[in-house]
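Q: To start, I am sharing the structure in question, which I have written as structure tokens.
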Amino acid sequence: MENSFTIHAREIIETRERSLRLSLALGAGIAVTIGLASWYVGLFDSQRLLEGIPSIFSLMREGFPPNFQGALGWIKPLLDTIAMSIGGTALAVALSFPLALCAASNTAPHPLVYSAARGTLNLLRSVPELILGIVFVAAVGFGALPGVLALGLHSIGMVGKFFAESIEHVDREPVEAVRAAGARDLQVIVHGILPQVLSQMADVSIYRWEYNFRASTVMGMVGAGGIGFELMGSLRIMQYQDVSAILLVILLMVTVVDRLGSALRRKFK
């Protein structure tokens with residue numbers, strides 16, 4: 001008769017084999033899904049892709065050399081873009097934290113509040129910022145304000161989700177210790193939860209600012225101002241040398257924002 005050690009070893013092997021088969025089946029399913037989606041959108045249409053290469057090089061030739069003669073006129077749109085990204089991120093962070101407390105299972109005051117907060121985050125996350133930009137341009141007019149509102153509300157959906165996930169994964173022991181000391185709910189949040197999630201929230205906020213800067217460059221498509229408005233204006237009149245110059249300026253600013261964001265994240269570690 002087999003001893004208990006042999007039986008236990010066989011059970012472990014069988015469990016691992018089942019897990020491996022499940023992982024292989026899941027991987028195969030994902031690979032098939034990716035392949036079908038790529039085929040559906042024409043990613044495997046090599047003839048069409050090869051025919052588009054000459055057009056791309058033609059546009060690149062028309063955009064060379066970049067024309068920086070109007071660079072002084074881009075300073076204000078760039079400032080609008082930077083201000084739009086900062087304002088939108090600040091709005092998102094300010095509204096995301098209280099919403100995240102309601103969307104986290106360990107801080108939500110009631111299951112209905114939890115479901116409503118989660119639904120709100122899903123709704124805001126599902127509407128693209130360009131659609132929100134169109135809505136706010138129609139509501140408050142042209143300029144940076146509709147861009148700030150669009151970026152801010154769209155960002156709440158994602159920032160609030162990350163905040164809520166961070167709150168749900170806090171260590172329970174410090175929270176229980178603060179609560180055992182007789183702290184009220186607000187004191188538990190301030191002294192038991194916030195110190196554990198503050199660095200993560202800072203990281204998420206900075207990452208979102210970097211994203212919002214890139215997103216704000218295309219808000220000009222819907223009349224929300226910024227450097228994207230200048231880019232679209234040059235594209236409409238087919239001034240490709242101006243387009244290439246503006247793209248280089250945007251690339252430079254994105255690089256600066258990325259470096260600044262990295263420096264800020266190091267400060268909050």
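Labeling convention for the structure tokens: chains A, B, ... as they appear, residues from 1 per chain, ligands from 1 in order of appearance.
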Could you pull the residues within 12 Å of range 238-250 of chain A, counting only C-alpha atoms, minus those fewer than 2 positions along the same chain, as a tab-separated table (two decimals) with C-alpha atoms, in the first residue's frame?

A:
```tsv
chain	number	residue	atom	x	y	z
A	58	SER	CA	5.70	61.35	-48.92
A	59	LEU	CA	4.15	63.12	-45.94
A	60	MET	CA	7.49	63.04	-44.13
A	61	ARG	CA	9.20	64.66	-47.12
A	62	GLU	CA	6.54	67.37	-47.25
A	63	GLY	CA	7.09	68.09	-43.56
A	64	PHE	CA	10.85	68.58	-43.93
A	65	PRO	CA	12.40	70.87	-42.93
A	66	PRO	CA	10.23	71.83	-39.93
A	67	ASN	CA	9.06	75.42	-40.00
A	68	PHE	CA	9.61	77.15	-36.65
A	69	GLN	CA	8.84	80.66	-37.88
A	70	GLY	CA	5.59	80.75	-35.90
A	71	ALA	CA	7.17	79.34	-32.73
A	72	LEU	CA	6.58	82.51	-30.71
A	73	GLY	CA	2.88	82.15	-31.40
A	74	TRP	CA	2.89	78.67	-29.87
A	75	ILE	CA	4.02	79.82	-26.43
A	77	PRO	CA	-1.07	77.50	-26.57
A	78	LEU	CA	1.69	75.51	-24.84
A	79	LEU	CA	1.01	77.29	-21.56
A	81	THR	CA	-1.91	72.91	-22.59
A	82	ILE	CA	0.26	72.71	-19.46
A	213	PHE	CA	-0.57	66.42	-20.76
A	214	ARG	CA	-0.44	64.11	-23.78
A	215	ALA	CA	-4.23	63.95	-23.92
A	216	SER	CA	-4.57	67.73	-23.68
A	217	THR	CA	-2.56	68.12	-26.89
A	218	VAL	CA	-5.43	66.54	-28.84
A	226	GLY	CA	-3.97	74.46	-26.43
A	227	ILE	CA	-1.21	73.43	-28.78
A	228	GLY	CA	-3.51	70.79	-30.27
A	229	PHE	CA	-5.65	73.57	-31.75
A	230	GLU	CA	-2.59	74.94	-33.56
A	231	LEU	CA	-1.73	71.43	-34.77
A	232	MET	CA	-5.20	70.84	-36.18
A	233	GLY	CA	-5.19	74.25	-37.85
A	234	SER	CA	-1.96	73.43	-39.68
A	235	LEU	CA	-3.26	70.01	-40.68
A	236	ARG	CA	-6.46	71.47	-42.14
A	252	LEU	CA	10.10	68.02	-26.37
A	253	MET	CA	7.41	69.02	-23.86
A	254	VAL	CA	6.32	65.42	-23.33
A	255	THR	CA	9.95	64.51	-22.60
A	256	VAL	CA	10.25	67.37	-20.11
A	257	VAL	CA	7.01	66.39	-18.39
```

Q: Pull the closest atom pair for each residue of range 6-113 of chain A that gets at most 9 Å from range 201-206 of chain A, along with the distance in Å to one decimal, counting only C-alpha atoms, ordering rows by chain and then ascending residue number, as CSV.

A:
```
residue,atom,partner,partner_atom,distance
A:Thr89,CA,A:Ser205,CA,7.1
A:Ala90,CA,A:Ser205,CA,8.4
A:Ala92,CA,A:Ser205,CA,8.7
A:Val93,CA,A:Ser205,CA,6.8
```

Q: Per DSSP on the backbone, what are the helix (DSSP H, G or I) residues of range 13-250 of chain A, as an MDAnalysis selection string?

A: chainID A and resid 13:40 46:62 71:103 111:126 129:140 144:168 172:180 185:216 219:222 227:236 240:250

Q: Under the rule that only C-alpha atoms are counted, which of A:Arg21, A:His191, A:Arg172, A:Arg125 is the nearest residue to Gly152 in chain A?

A: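 With only C-alpha atoms as the atom set, the closest residue is A:Arg125.
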
Q: Here is a test: counting only C-alpha atoms, which residue of A:Ala108, A:Ile156, A:Ala116, A:Leu43 is nearest to Leu91 in chain A?

A: A:Ile156

Q: Report the distance between CA of Phe136 in chain A and CA of Leu149 in chain A in Å, rounded to one decimal place.

A: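 Atom-to-atom, CA of Phe136 in chain A and CA of Leu149 in chain A are spaced 7.2 Å apart.
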
Q: Could you state the separation of CA of Ile193 in chain A and CA of Gly87 in chain A in Å, given to one decimal place?

A: 26.3 Å

Q: Fewer than 2 positions away in the same chain doesn't count, so skip those; otherwise give me all residues within 8 Å of Gly223 in chain A, counting only C-alpha atoms, as number ranges by chain.

A: A: 134, 137, 142-143, 219-221, 225, 229
